[in-house]
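What's in upload-v5.cif: mmCIF, C-alpha atoms
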data_target
loop_
_atom_site.label_atom_id
_atom_site.label_comp_id
_atom_site.auth_asym_id
_atom_site.auth_seq_id
_atom_site.Cartn_x
_atom_site.Cartn_y
_atom_site.Cartn_z
CA MET A 1 -72.88 -138.64 -98.50
CA ARG A 2 -76.09 -137.24 -99.96
CA ARG A 3 -78.14 -139.97 -98.30
CA THR A 4 -77.39 -138.75 -94.82
CA LYS A 5 -79.99 -136.39 -93.44
CA GLN A 6 -77.55 -133.60 -92.88
CA ALA A 7 -74.82 -132.85 -95.41
CA SER A 8 -71.41 -133.80 -94.11
CA PRO A 9 -69.17 -130.87 -93.28
CA LEU A 10 -66.48 -132.45 -95.50
CA ILE A 11 -67.17 -131.87 -99.18
CA THR A 12 -65.36 -132.28 -102.49
CA LEU A 13 -65.31 -129.43 -104.97
CA SER A 14 -64.05 -129.56 -108.55
CA ILE A 15 -61.92 -126.46 -109.02
CA ASN A 16 -59.82 -125.78 -112.11
CA GLY A 17 -60.15 -129.43 -113.10
CA ASN A 18 -58.96 -130.86 -109.77
CA ASP A 19 -60.91 -132.22 -106.83
CA HIS A 20 -60.38 -130.32 -103.58
CA MET A 21 -61.59 -131.27 -100.13
CA ALA A 22 -63.03 -128.57 -97.92
CA VAL A 23 -64.56 -128.43 -94.48
CA VAL A 24 -67.70 -126.32 -94.59
CA LYS A 25 -70.58 -125.19 -92.44
CA PRO A 26 -73.97 -124.58 -94.07
CA PHE A 27 -73.33 -120.84 -94.35
CA THR A 28 -69.75 -121.12 -95.70
CA THR A 29 -69.57 -119.51 -99.12
CA LEU A 30 -67.55 -120.76 -102.06
CA LEU A 31 -65.53 -117.53 -101.83
CA GLN A 32 -64.53 -118.30 -98.23
CA VAL A 33 -63.41 -121.81 -99.21
CA LEU A 34 -61.40 -120.54 -102.18
CA ARG A 35 -59.64 -117.81 -100.25
CA ASP A 36 -59.33 -119.15 -96.71
CA GLN A 37 -58.95 -122.91 -97.19
CA LEU A 38 -57.49 -123.39 -100.65
CA GLY A 39 -55.31 -120.28 -100.93
CA LEU A 40 -56.92 -119.32 -104.23
CA THR A 41 -57.01 -115.59 -103.55
CA GLY A 42 -57.62 -114.40 -107.13
CA ALA A 43 -61.33 -114.05 -106.40
CA LYS A 44 -61.70 -111.01 -104.17
CA CYS A 45 -64.20 -110.19 -101.44
CA GLY A 46 -65.52 -106.75 -102.32
CA CYS A 47 -69.13 -106.19 -101.29
CA ASN A 48 -70.03 -109.77 -100.23
CA GLN A 49 -73.51 -108.93 -101.58
CA GLY A 50 -73.26 -109.96 -105.22
CA VAL A 51 -73.10 -106.41 -106.49
CA CYS A 52 -69.45 -105.70 -107.35
CA GLY A 53 -68.32 -108.79 -109.26
CA ALA A 54 -64.84 -108.96 -107.69
CA CYS A 55 -65.56 -112.56 -106.59
CA THR A 56 -66.62 -113.75 -110.05
CA VAL A 57 -65.79 -117.37 -110.88
CA LEU A 58 -67.10 -119.61 -113.64
CA ILE A 59 -69.56 -122.25 -112.49
CA ASP A 60 -70.31 -124.79 -115.22
CA GLY A 61 -68.83 -122.30 -117.69
CA LYS A 62 -70.95 -119.31 -116.68
CA PRO A 63 -69.84 -116.32 -114.62
CA ALA A 64 -71.32 -116.48 -111.12
CA ARG A 65 -70.87 -114.87 -107.73
CA ALA A 66 -68.63 -116.93 -105.42
CA CYS A 67 -69.84 -114.80 -102.49
CA LEU A 68 -73.48 -115.78 -103.12
CA SER A 69 -72.73 -119.46 -103.73
CA LEU A 70 -72.80 -121.68 -100.67
CA ALA A 71 -69.89 -124.08 -100.90
CA ALA A 72 -72.04 -127.05 -99.91
CA ASN A 73 -74.32 -126.23 -102.85
CA CYS A 74 -71.45 -126.37 -105.37
CA THR A 75 -70.61 -130.07 -105.19
CA GLY A 76 -70.72 -131.75 -108.59
CA ARG A 77 -70.23 -128.49 -110.44
CA GLN A 78 -67.20 -127.38 -112.46
CA ILE A 79 -65.65 -124.30 -110.90
CA VAL A 80 -62.99 -122.24 -112.67
CA THR A 81 -61.12 -119.44 -110.90
CA ILE A 82 -58.63 -116.99 -112.36
CA GLU A 83 -55.84 -119.36 -111.22
CA GLY A 84 -57.21 -121.90 -113.72
CA VAL A 85 -57.17 -119.49 -116.65
CA GLY A 86 -53.48 -118.73 -117.05
CA SER A 87 -50.28 -117.89 -115.22
CA VAL A 88 -47.68 -115.14 -115.26
CA ALA A 89 -45.53 -117.34 -117.50
CA GLN A 90 -48.43 -118.41 -119.70
CA PRO A 91 -51.25 -115.84 -119.67
CA SER A 92 -54.42 -116.58 -121.60
CA ARG A 93 -55.18 -114.47 -124.67
CA VAL A 94 -57.61 -112.41 -122.63
CA GLN A 95 -55.04 -111.87 -119.88
CA GLN A 96 -52.38 -110.89 -122.45
CA ALA A 97 -54.86 -108.47 -124.06
CA PHE A 98 -55.55 -106.86 -120.67
CA ILE A 99 -51.79 -106.28 -120.30
CA ASP A 100 -51.39 -105.01 -123.87
CA ALA A 101 -54.35 -102.63 -123.61
CA GLY A 102 -53.27 -101.25 -120.23
CA ALA A 103 -56.57 -102.46 -118.76
CA VAL A 104 -55.18 -103.21 -115.29
CA GLN A 105 -55.01 -100.43 -112.72
CA CYS A 106 -55.31 -101.44 -109.07
CA GLY A 107 -56.14 -104.99 -110.15
CA PHE A 108 -58.91 -105.73 -107.66
CA CYS A 109 -61.61 -106.15 -110.32
CA THR A 110 -59.31 -107.73 -112.91
CA PRO A 111 -59.81 -111.46 -112.12
CA GLY A 112 -63.58 -111.03 -112.36
CA MET A 113 -63.30 -108.91 -115.50
CA VAL A 114 -61.08 -111.54 -117.14
CA LEU A 115 -63.39 -114.44 -116.22
CA SER A 116 -66.51 -112.63 -117.47
CA SER A 117 -64.60 -111.86 -120.69
CA GLU A 118 -63.42 -115.47 -121.09
CA SER A 119 -67.00 -116.68 -120.79
CA LEU A 120 -68.25 -114.07 -123.28
CA LEU A 121 -65.64 -114.94 -125.89
CA ALA A 122 -66.26 -118.68 -125.47
CA GLU A 123 -69.92 -118.11 -126.35
CA ASN A 124 -69.51 -115.21 -128.76
CA PRO A 125 -66.03 -114.96 -130.33
CA LYS A 126 -66.75 -111.66 -132.11
CA PRO A 127 -68.83 -109.56 -129.70
CA SER A 128 -69.87 -105.99 -130.46
CA VAL A 129 -68.91 -103.23 -128.04
CA ALA A 130 -72.51 -103.25 -126.78
CA GLU A 131 -72.31 -107.00 -126.14
CA ILE A 132 -69.00 -106.56 -124.28
CA ARG A 133 -70.51 -103.83 -122.13
CA THR A 134 -73.52 -106.01 -121.29
CA ALA A 135 -71.32 -109.02 -120.46
CA LEU A 136 -69.16 -106.89 -118.14
CA SER A 137 -72.08 -104.94 -116.62
CA GLY A 138 -71.85 -107.08 -113.48
CA ASN A 139 -68.20 -106.23 -112.84
CA LEU A 140 -67.47 -102.88 -111.26
CA CYS A 141 -64.09 -101.10 -111.61
CA ARG A 142 -63.56 -98.49 -108.90
CA CYS A 143 -60.62 -97.10 -110.90
CA THR A 144 -63.22 -96.58 -113.68
CA GLY A 145 -60.88 -98.04 -116.27
CA TYR A 146 -63.76 -99.34 -118.38
CA LYS A 147 -62.59 -97.91 -121.69
CA ARG A 148 -59.36 -99.88 -121.74
CA ILE A 149 -61.02 -102.98 -120.32
CA ILE A 150 -63.47 -102.98 -123.22
CA GLU A 151 -60.58 -102.31 -125.60
CA ALA A 152 -58.78 -105.34 -124.11
CA VAL A 153 -61.75 -107.62 -124.80
CA ARG A 154 -61.91 -106.34 -128.40
CA LEU A 155 -58.18 -107.01 -128.73
CA ALA A 156 -58.62 -110.55 -127.36
CA SER A 157 -61.52 -111.19 -129.72
CA LYS A 158 -59.30 -110.25 -132.68
CA ALA A 159 -56.56 -112.51 -131.35
CA GLU A 160 -59.06 -115.37 -131.00
CA ALA A 161 -60.07 -114.96 -134.63
CA GLN A 162 -56.56 -115.73 -135.86
CA PRO A 163 -55.68 -119.36 -136.55
CA MET B 164 -78.69 -125.41 -82.55
CA GLU B 165 -76.21 -125.85 -85.39
CA PRO B 166 -77.78 -124.93 -88.71
CA SER B 167 -78.28 -127.82 -91.12
CA PHE B 168 -78.05 -127.99 -94.89
CA HIS B 169 -80.02 -130.41 -97.04
CA GLN B 170 -80.17 -131.29 -100.73
CA PRO B 171 -83.32 -133.36 -101.24
CA ARG B 172 -84.08 -135.02 -104.60
CA THR B 173 -87.85 -134.64 -104.51
CA LEU B 174 -90.26 -131.84 -103.76
CA ASP B 175 -92.03 -133.95 -101.11
CA ALA B 176 -88.75 -134.45 -99.26
CA ALA B 177 -88.04 -130.71 -99.46
CA LEU B 178 -91.49 -129.86 -98.08
CA LYS B 179 -91.02 -132.23 -95.13
CA LEU B 180 -87.72 -130.50 -94.30
CA LEU B 181 -89.35 -127.07 -94.60
CA ALA B 182 -92.07 -128.23 -92.18
CA SER B 183 -89.47 -129.40 -89.66
CA HIS B 184 -88.71 -125.92 -88.31
CA GLU B 185 -90.72 -122.70 -88.49
CA ASP B 186 -87.68 -120.74 -89.70
CA ALA B 187 -86.56 -123.32 -92.27
CA ARG B 188 -85.83 -121.73 -95.65
CA PRO B 189 -85.62 -123.07 -99.17
CA LEU B 190 -82.45 -122.10 -101.04
CA ALA B 191 -83.02 -121.47 -104.74
CA GLY B 192 -80.24 -119.58 -106.54
CA GLY B 193 -78.94 -117.79 -103.46
CA ALA B 194 -78.88 -114.38 -105.14
CA THR B 195 -80.94 -112.79 -102.37
CA LEU B 196 -80.97 -115.27 -99.48
CA VAL B 197 -77.18 -115.74 -99.33
CA ALA B 198 -76.69 -111.97 -99.67
CA MET B 199 -78.93 -111.57 -96.61
CA MET B 200 -77.06 -114.33 -94.77
CA ASN B 201 -73.75 -112.60 -95.55
CA ALA B 202 -75.17 -109.36 -94.15
CA GLY B 203 -76.33 -111.12 -90.97
CA LEU B 204 -80.00 -110.46 -91.80
CA ALA B 205 -80.94 -114.14 -92.16
CA GLU B 206 -79.73 -117.21 -90.26
CA PRO B 207 -82.00 -120.05 -91.31
CA PRO B 208 -81.57 -123.00 -88.90
CA VAL B 209 -82.62 -125.41 -91.66
CA LEU B 210 -81.54 -124.65 -95.20
CA VAL B 211 -83.08 -126.73 -97.98
CA SER B 212 -81.35 -126.53 -101.35
CA LEU B 213 -83.77 -127.05 -104.24
CA ARG B 214 -81.15 -127.59 -106.93
CA HIS B 215 -81.59 -131.35 -107.35
CA ILE B 216 -85.39 -131.27 -107.71
CA LYS B 217 -85.99 -131.76 -111.42
CA GLU B 218 -89.70 -130.90 -111.53
CA LEU B 219 -88.92 -127.37 -110.36
CA LYS B 220 -87.00 -126.72 -113.60
CA ALA B 221 -89.84 -127.63 -115.98
CA VAL B 222 -91.61 -125.38 -118.47
CA LYS B 223 -94.98 -126.83 -119.47
CA ALA B 224 -97.45 -125.57 -122.06
CA LEU B 225 -100.99 -126.02 -120.71
CA PRO B 226 -103.87 -127.28 -122.90
CA ASP B 227 -105.74 -123.96 -122.56
CA GLY B 228 -102.81 -121.94 -123.94
CA GLY B 229 -101.37 -121.06 -120.54
CA LEU B 230 -97.83 -121.80 -119.42
CA ARG B 231 -96.55 -123.34 -116.18
CA LEU B 232 -93.05 -122.33 -115.15
CA GLY B 233 -91.08 -124.20 -112.48
CA ALA B 234 -89.75 -122.09 -109.62
CA MET B 235 -86.08 -123.01 -110.22
CA ILE B 236 -85.85 -121.70 -113.78
CA LEU B 237 -82.96 -119.23 -113.99
CA HIS B 238 -83.40 -115.62 -115.08
CA ARG B 239 -80.99 -116.36 -117.93
CA GLU B 240 -83.15 -119.27 -119.09
CA LEU B 241 -86.37 -117.27 -118.94
CA ALA B 242 -84.76 -114.39 -120.85
CA SER B 243 -84.25 -116.71 -123.83
CA GLU B 244 -87.34 -118.94 -123.39
CA LYS B 245 -89.01 -119.14 -126.81
CA ARG B 246 -92.39 -120.12 -125.37
CA LEU B 247 -92.53 -116.71 -123.67
CA LYS B 248 -93.99 -115.04 -126.76
CA GLY B 249 -97.08 -112.91 -127.44
CA GLY B 250 -98.37 -111.53 -124.15
CA PHE B 251 -95.95 -113.75 -122.20
CA ALA B 252 -93.05 -111.78 -123.73
CA VAL B 253 -93.46 -109.25 -120.93
CA LEU B 254 -91.97 -111.85 -118.56
CA ARG B 255 -89.16 -112.70 -121.01
CA GLU B 256 -88.23 -109.04 -121.30
CA ALA B 257 -88.40 -108.59 -117.52
CA ALA B 258 -86.14 -111.63 -116.96
CA GLY B 259 -83.54 -110.15 -119.30
CA GLN B 260 -83.39 -107.04 -117.14
CA VAL B 261 -83.03 -108.67 -113.72
CA ALA B 262 -79.72 -107.47 -112.27
CA VAL B 263 -76.59 -108.36 -114.30
CA PRO B 264 -75.50 -111.47 -116.26
CA PRO B 265 -73.68 -113.33 -113.43
CA VAL B 266 -76.72 -112.88 -111.18
CA ARG B 267 -79.03 -113.99 -114.00
CA ASN B 268 -76.91 -117.17 -114.14
CA MET B 269 -77.77 -117.92 -110.50
CA GLY B 270 -81.07 -116.31 -109.55
CA THR B 271 -84.41 -117.99 -110.14
CA LEU B 272 -88.01 -117.09 -110.97
CA GLY B 273 -89.29 -118.52 -107.68
CA GLY B 274 -86.57 -117.00 -105.54
CA ALA B 275 -86.95 -113.50 -106.91
CA THR B 276 -90.74 -113.73 -106.73
CA ALA B 277 -90.66 -114.86 -103.11
CA PHE B 278 -88.30 -111.99 -102.24
CA ALA B 279 -91.14 -109.65 -103.34
CA ASP B 280 -89.06 -106.55 -103.92
CA PRO B 281 -91.54 -104.13 -105.51
CA ALA B 282 -88.77 -102.44 -107.52
CA ALA B 283 -87.68 -105.79 -108.97
CA ASP B 284 -88.77 -106.97 -112.38
CA TYR B 285 -91.00 -110.01 -111.88
CA PRO B 286 -93.68 -108.59 -109.57
CA PRO B 287 -95.13 -106.10 -112.11
CA ALA B 288 -94.74 -108.57 -115.00
CA LEU B 289 -96.61 -111.30 -113.09
CA ALA B 290 -99.30 -108.84 -111.96
CA ALA B 291 -99.85 -107.57 -115.53
CA LEU B 292 -100.18 -111.15 -116.84
CA GLY B 293 -102.63 -112.16 -114.11
CA ALA B 294 -100.20 -114.93 -113.13
CA ARG B 295 -100.93 -117.38 -110.33
CA ILE B 296 -98.32 -118.43 -107.82
CA GLU B 297 -98.45 -122.11 -106.89
CA ALA B 298 -97.48 -122.51 -103.24
CA ALA B 299 -96.63 -125.97 -101.90
CA SER B 300 -96.30 -127.32 -98.36
CA THR B 301 -96.83 -130.63 -96.58
CA LYS B 302 -100.48 -129.55 -96.22
CA GLY B 303 -100.96 -129.46 -99.98
CA ARG B 304 -100.91 -126.94 -102.77
CA ARG B 305 -102.74 -123.70 -103.31
CA SER B 306 -102.77 -121.20 -106.11
CA ILE B 307 -102.53 -117.50 -105.28
CA ALA B 308 -103.30 -114.70 -107.75
CA ALA B 309 -100.35 -112.33 -108.23
CA ASP B 310 -102.36 -109.34 -106.98
CA GLU B 311 -103.07 -111.24 -103.73
CA PHE B 312 -99.55 -112.65 -103.46
CA PHE B 313 -97.54 -109.42 -103.23
CA LEU B 314 -98.60 -107.79 -99.95
CA ASP B 315 -96.05 -105.18 -98.93
CA TRP B 316 -92.35 -104.31 -99.16
CA TYR B 317 -90.57 -107.70 -99.28
CA ALA B 318 -93.70 -109.39 -97.96
CA GLN B 319 -95.84 -111.99 -99.70
CA ALA B 320 -98.60 -114.43 -98.89
CA LEU B 321 -96.50 -117.56 -98.26
CA GLU B 322 -97.11 -119.24 -94.89
CA PRO B 323 -94.32 -120.83 -92.83
CA GLY B 324 -93.41 -124.16 -94.43
CA GLU B 325 -94.67 -123.05 -97.83
CA MET B 326 -92.55 -122.46 -100.92
CA ILE B 327 -93.23 -121.49 -104.51
CA ALA B 328 -93.32 -124.63 -106.67
CA ALA B 329 -94.37 -123.01 -109.95
CA ILE B 330 -95.90 -119.96 -111.52
CA THR B 331 -98.75 -120.31 -113.99
CA LEU B 332 -99.43 -117.76 -116.70
CA PRO B 333 -103.03 -117.77 -117.94
CA ALA B 334 -103.67 -117.84 -121.69
CA TRP B 335 -103.73 -114.52 -123.53
CA PRO B 336 -105.08 -114.01 -127.06
CA LYS B 337 -102.62 -115.05 -129.80
CA ASN B 338 -102.26 -111.46 -130.98
CA ALA B 339 -101.45 -110.11 -127.50
CA VAL B 340 -98.15 -108.28 -127.11
CA GLY B 341 -96.22 -108.05 -123.84
CA VAL B 342 -93.60 -105.38 -123.26
CA TYR B 343 -91.56 -104.38 -120.22
CA GLU B 344 -90.19 -100.84 -120.00
CA LYS B 345 -87.72 -100.13 -117.21
CA LEU B 346 -86.19 -96.87 -116.12
CA ALA B 347 -83.11 -97.39 -113.95
CA LYS B 348 -80.01 -95.41 -113.09
CA VAL B 349 -77.71 -98.02 -114.62
CA THR B 350 -78.12 -101.42 -116.26
CA GLY B 351 -78.84 -104.01 -113.64
CA ASP B 352 -80.14 -101.65 -110.98
CA LEU B 353 -83.62 -101.86 -109.50
CA ALA B 354 -86.31 -99.84 -111.26
CA ILE B 355 -87.06 -96.18 -110.61
CA VAL B 356 -90.25 -96.91 -112.53
CA SER B 357 -91.03 -99.98 -114.60
CA ILE B 358 -94.11 -100.69 -116.71
CA ALA B 359 -95.35 -104.19 -117.49
CA LEU B 360 -97.91 -104.03 -120.29
CA VAL B 361 -99.87 -106.81 -121.98
CA LEU B 362 -102.06 -105.54 -124.79
CA ALA B 363 -104.28 -107.13 -127.42
CA GLN B 364 -105.94 -104.90 -129.96
CA ASP B 365 -108.17 -105.22 -133.00
CA LYS B 366 -107.63 -102.44 -135.55
CA GLY B 367 -106.56 -99.97 -132.90
CA VAL B 368 -109.29 -100.94 -130.42
CA VAL B 369 -108.23 -102.51 -127.10
CA THR B 370 -109.61 -106.01 -126.59
CA HIS B 371 -107.46 -107.20 -123.65
CA LEU B 372 -105.25 -105.22 -121.31
CA GLY B 373 -103.04 -106.00 -118.34
CA VAL B 374 -100.83 -103.33 -116.79
CA ALA B 375 -98.80 -103.05 -113.60
CA VAL B 376 -96.08 -100.69 -112.39
CA GLY B 377 -92.90 -101.49 -110.47
CA GLY B 378 -90.78 -99.24 -108.26
CA CYS B 379 -93.71 -97.03 -107.24
CA GLY B 380 -94.93 -98.42 -103.94
CA PRO B 381 -94.88 -101.41 -101.59
CA LYS B 382 -96.26 -103.76 -104.24
CA PRO B 383 -97.00 -103.74 -107.98
CA VAL B 384 -99.29 -100.79 -108.73
CA THR B 385 -102.44 -101.48 -110.73
CA ALA B 386 -105.53 -99.47 -111.66
CA PRO B 387 -108.11 -102.13 -112.54
CA GLU B 388 -111.03 -99.74 -113.17
CA ALA B 389 -109.05 -97.42 -115.41
CA ALA B 390 -107.67 -100.43 -117.30
CA ARG B 391 -111.15 -101.88 -117.78
CA ALA B 392 -112.36 -98.52 -119.06
CA MET B 393 -109.97 -98.80 -122.01
CA ILE B 394 -111.43 -102.12 -123.23
CA GLY B 395 -113.48 -101.69 -126.41
CA LYS B 396 -112.14 -98.19 -127.00
CA PRO B 397 -109.56 -96.93 -129.47
CA ILE B 398 -106.00 -96.45 -128.23
CA ASP B 399 -105.24 -92.75 -128.31
CA ASP B 400 -103.08 -90.32 -126.40
CA ALA B 401 -105.95 -89.14 -124.21
CA ALA B 402 -106.90 -92.68 -123.16
CA ILE B 403 -103.28 -93.57 -122.35
CA ALA B 404 -102.92 -90.33 -120.38
CA ARG B 405 -106.05 -91.16 -118.34
CA LEU B 406 -104.66 -94.60 -117.48
CA GLY B 407 -101.29 -93.01 -116.63
CA GLN B 408 -103.01 -90.54 -114.35
CA ALA B 409 -104.97 -93.30 -112.60
CA LEU B 410 -101.79 -95.34 -112.06
CA ALA B 411 -99.91 -92.30 -110.73
CA GLU B 412 -102.75 -91.72 -108.26
CA ALA B 413 -102.78 -95.38 -107.21
CA ALA B 414 -98.98 -95.33 -106.76
CA ASP B 415 -97.46 -94.87 -103.32
CA PRO B 416 -93.81 -94.14 -104.13
CA VAL B 417 -91.09 -93.13 -101.67
CA ASP B 418 -88.09 -90.84 -101.90
CA ASP B 419 -84.99 -92.98 -102.05
CA VAL B 420 -81.44 -93.02 -103.36
CA ARG B 421 -82.70 -93.66 -106.89
CA ALA B 422 -85.34 -90.95 -107.29
CA SER B 423 -87.88 -88.84 -105.44
CA ALA B 424 -91.50 -89.86 -105.12
CA ASP B 425 -92.53 -86.77 -107.13
CA TYR B 426 -90.22 -87.73 -109.97
CA ARG B 427 -91.62 -91.25 -110.06
CA ARG B 428 -95.20 -89.93 -110.30
CA LEU B 429 -94.12 -87.55 -113.05
CA VAL B 430 -92.32 -90.10 -115.16
CA LEU B 431 -94.79 -92.98 -114.72
CA PRO B 432 -97.35 -91.78 -117.35
CA ARG B 433 -94.56 -91.09 -119.81
CA MET B 434 -93.13 -94.58 -119.35
CA LEU B 435 -96.65 -95.96 -119.88
CA ALA B 436 -96.97 -94.05 -123.16
CA LYS B 437 -93.61 -95.46 -124.24
CA ALA B 438 -94.81 -98.99 -123.46
CA PHE B 439 -98.00 -98.49 -125.52
CA VAL B 440 -95.97 -97.19 -128.46
CA ARG B 441 -93.65 -100.18 -128.42
CA ALA B 442 -96.50 -102.67 -127.91
CA SER B 443 -98.17 -101.23 -131.03
CA LEU B 444 -95.12 -101.60 -133.27
CA PRO B 445 -94.81 -104.52 -135.71
CA ALA B 446 -92.93 -107.42 -134.08
CA LYS B 447 -89.71 -106.81 -136.02
CA GLU B 448 -89.43 -103.21 -134.89
CA ARG B 449 -90.35 -103.85 -131.28
CA ARG B 450 -86.85 -104.43 -129.99
#

Now, as a test, write the supplied structure out as structure tokens.
Amino acid sequence: MRRTKQASPLITLSINGNDHMAVVKPFTTLLQVLRDQLGLTGAKCGCNQGVCGACTVLIDGKPARACLSLAANCTGRQIVTIEGVGSVAQPSRVQQAFIDAGAVQCGFCTPGMVLSSESLLAENPKPSVAEIRTALSGNLCRCTGYKRIIEAVRLASKAEAQP
Amino acid sequence: MEPSFHQPRTLDAALKLLASHEDARPLAGGATLVAMMNAGLAEPPVLVSLRHIKELKAVKALPDGGLRLGAMILHRELASEKRLKGGFAVLREAAGQVAVPPVRNMGTLGGATAFADPAADYPPALAALGARIEAASTKGRRSIAADEFFLDWYAQALEPGEMIAAITLPAWPKNAVGVYEKLAKVTGDLAIVSIALVLAQDKGVVTHLGVAVGGCGPKPVTAPEAARAMIGKPIDDAAIARLGQALAEAADPVDDVRASADYRRLVLPRMLAKAFVRASLPAKERR
């Protein structure tokens, strides 16, 4: 497919460990594919400018903006959305900590907050409050529930430390 | 015409594609170009992704002590690049303050430099270092000094069909220290005022100096004569104040949502003094 002069509009994306086909134009963003074609609506469209962080997904393990990622440019990369992190029946430790700490208000920022936190704790299992704040600095919460969100990440980091 | 998207494997192939249409655009990390596309401000008919071109990711130490940085190096990678030490540390510190972590995972040195936002972090750092921007096209390569590259608000010296292939930092003395001081409303925002300072001194006497200011006009602000006047002289409050005054006079700030022009002129010399203080600290206490 790569040998053709123009990328085919049909691409394969690896999302949450599974291959998904999507039909894309050059300007189609990963966020549009996730939400409109694959029904993965955990990533939200807030500003569509890369500022708010509501569309955060993990690309090759790192938090990134789905709204600033062209879908056609994401082939061959490992994408993880909030749907790949846990479920209502089986939440991840970070998700459980968000519930326990009361860190969810309207919920719009929560998927991005959780994914940024998952990535932080994978790299740094015992972050300081300053490190948590830096890691979450690209995720805005319009409810301004930052205090409990940071508390949730601390709670999850303690849970991670247990065997 | 339907827009087309390409992912060439070599720089030569990318340059041919960029030459195929006058509005063709290279796509680096997407942090600015895709944001503009989403806002309807850019609709490149030919989009050339650079992500598979290995040579654009390289960091190369040059025999003369300089450093050549590929255009596709991520902000995150630059922020932890160990070879950015001594005077080059100004660029490492600047990279660590570009936007927020998820954007630093996507955005690139070349992309942010080509965007030429004068309140962004690379333009003053590159100007202070005397960096050279290596532009490539099907016609060949040319090297442009940073102070001739940044021309105006979001405007630089690239011609149609040209892209940044690499940025070269010239050698600085081994004892040079680079610091980047940024004043912003919140972490990750653009600068109200930022100071990029590269300083080498011998027992309190300036031997080499590079300084540029961000956020205070259409391009990085410099004051070459005032900077030259400090060479060979002791660093003292009066000398720093004179340089601060010269930079504030050379600045052409605007009133915007972040701060007034008057405030920027007022705070600039104080930020400069802060940068000199930190650049003079022993390495362990600098951060």

Which residue out of B:Pro166, B:Ala386, B:Pro286, B:Gly250 has the minimum interatomic distance to Trp316 in chain B when all atoms listed in the file are used?
B:Pro286

Taking the file above as input, evaluate the PyMOL selection byres ((chain A) within 9 of (chain B)) and report the hits as a PyMOL selection string.
chain A and resi 2-3+5-8+25-27+29+48-51+53+56+62-65+67-70+72-73+116+134-139

Tell me, in Å to one decimal, how far CA of Glu151 in chain A is from CA of Ala101 in chain A.
6.5 Å

Tell me which residues come within 8 Å of (-98.7, -122.7, -101.8), as a PyMOL selection string, counting all atoms listed in the file in the file's coordinates.
chain B and resi 296-300+303-307+321-322+325-328

Selection export as a compact mmCIF listing (two decimals), in the coordinates of the input, atoms kept: C-alpha atoms:
# COMPACT_ATOMS: atom_id res chain seq x y z
CA ILE B 296 -98.32 -118.43 -107.82
CA GLU B 297 -98.45 -122.11 -106.89
CA ALA B 298 -97.48 -122.51 -103.24
CA ALA B 299 -96.63 -125.97 -101.90
CA SER B 300 -96.30 -127.32 -98.36
CA GLY B 303 -100.96 -129.46 -99.98
CA ARG B 304 -100.91 -126.94 -102.77
CA ARG B 305 -102.74 -123.70 -103.31
CA SER B 306 -102.77 -121.20 -106.11
CA ILE B 307 -102.53 -117.50 -105.28
CA LEU B 321 -96.50 -117.56 -98.26
CA GLU B 322 -97.11 -119.24 -94.89
CA GLU B 325 -94.67 -123.05 -97.83
CA MET B 326 -92.55 -122.46 -100.92
CA ILE B 327 -93.23 -121.49 -104.51
CA ALA B 328 -93.32 -124.63 -106.67

Starting from the point (-90.7, -108.7, -123.6), work out which residues of protein, DNA or RNA have an atom no more than 9 Å away when counting only C-alpha atoms; state them as a ChimeraX atom specification.
/B:242,247-259,340-344,359,450

To one decimal place, how far is CA of Pro381 in chain B from CA of Ala205 in chain B in Å?
21.1 Å

Run through the PyMOL selection byres ((chain A and resi 85) around 12) on the given coordinates and return the selected residues as a PyMOL selection string.
chain A and resi 15-17+42+57-58+79-84+86-96+111-112+114-119

Resulting file, chosen residues, C-alpha atoms, as a compact mmCIF listing (two decimals), keeping the file's coordinate frame:
# COMPACT_ATOMS: atom_id res chain seq x y z
CA ILE A 15 -61.92 -126.46 -109.02
CA ASN A 16 -59.82 -125.78 -112.11
CA GLY A 17 -60.15 -129.43 -113.10
CA GLY A 42 -57.62 -114.40 -107.13
CA VAL A 57 -65.79 -117.37 -110.88
CA LEU A 58 -67.10 -119.61 -113.64
CA ILE A 79 -65.65 -124.30 -110.90
CA VAL A 80 -62.99 -122.24 -112.67
CA THR A 81 -61.12 -119.44 -110.90
CA ILE A 82 -58.63 -116.99 -112.36
CA GLU A 83 -55.84 -119.36 -111.22
CA GLY A 84 -57.21 -121.90 -113.72
CA GLY A 86 -53.48 -118.73 -117.05
CA SER A 87 -50.28 -117.89 -115.22
CA VAL A 88 -47.68 -115.14 -115.26
CA ALA A 89 -45.53 -117.34 -117.50
CA GLN A 90 -48.43 -118.41 -119.70
CA PRO A 91 -51.25 -115.84 -119.67
CA SER A 92 -54.42 -116.58 -121.60
CA ARG A 93 -55.18 -114.47 -124.67
CA VAL A 94 -57.61 -112.41 -122.63
CA GLN A 95 -55.04 -111.87 -119.88
CA GLN A 96 -52.38 -110.89 -122.45
CA PRO A 111 -59.81 -111.46 -112.12
CA GLY A 112 -63.58 -111.03 -112.36
CA VAL A 114 -61.08 -111.54 -117.14
CA LEU A 115 -63.39 -114.44 -116.22
CA SER A 116 -66.51 -112.63 -117.47
CA SER A 117 -64.60 -111.86 -120.69
CA GLU A 118 -63.42 -115.47 -121.09
CA SER A 119 -67.00 -116.68 -120.79

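Atom to atom, CA of Pro287 in chain B and CA of Val376 in chain B stand 5.5 Å apart.
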
What's the 8 Å shell around Pro333 in chain B, counting all atoms listed in the file, without same-chain residues fewer than 2 positions away, as a short mmCIF file (atom, residue, chain, number, x, y, z; two decimals) with C-alpha atoms, in the frame of the given file?
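So the final result, stored in around_23.cif, reads:
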data_model
loop_
_atom_site.label_atom_id
_atom_site.label_comp_id
_atom_site.auth_asym_id
_atom_site.auth_seq_id
_atom_site.Cartn_x
_atom_site.Cartn_y
_atom_site.Cartn_z
CA GLY B 228 -102.81 -121.94 -123.94
CA GLY B 229 -101.37 -121.06 -120.54
CA LEU B 230 -97.83 -121.80 -119.42
CA LEU B 292 -100.18 -111.15 -116.84
CA GLY B 293 -102.63 -112.16 -114.11
CA ALA B 294 -100.20 -114.93 -113.13
CA ARG B 295 -100.93 -117.38 -110.33
CA THR B 331 -98.75 -120.31 -113.99
CA TRP B 335 -103.73 -114.52 -123.53
#
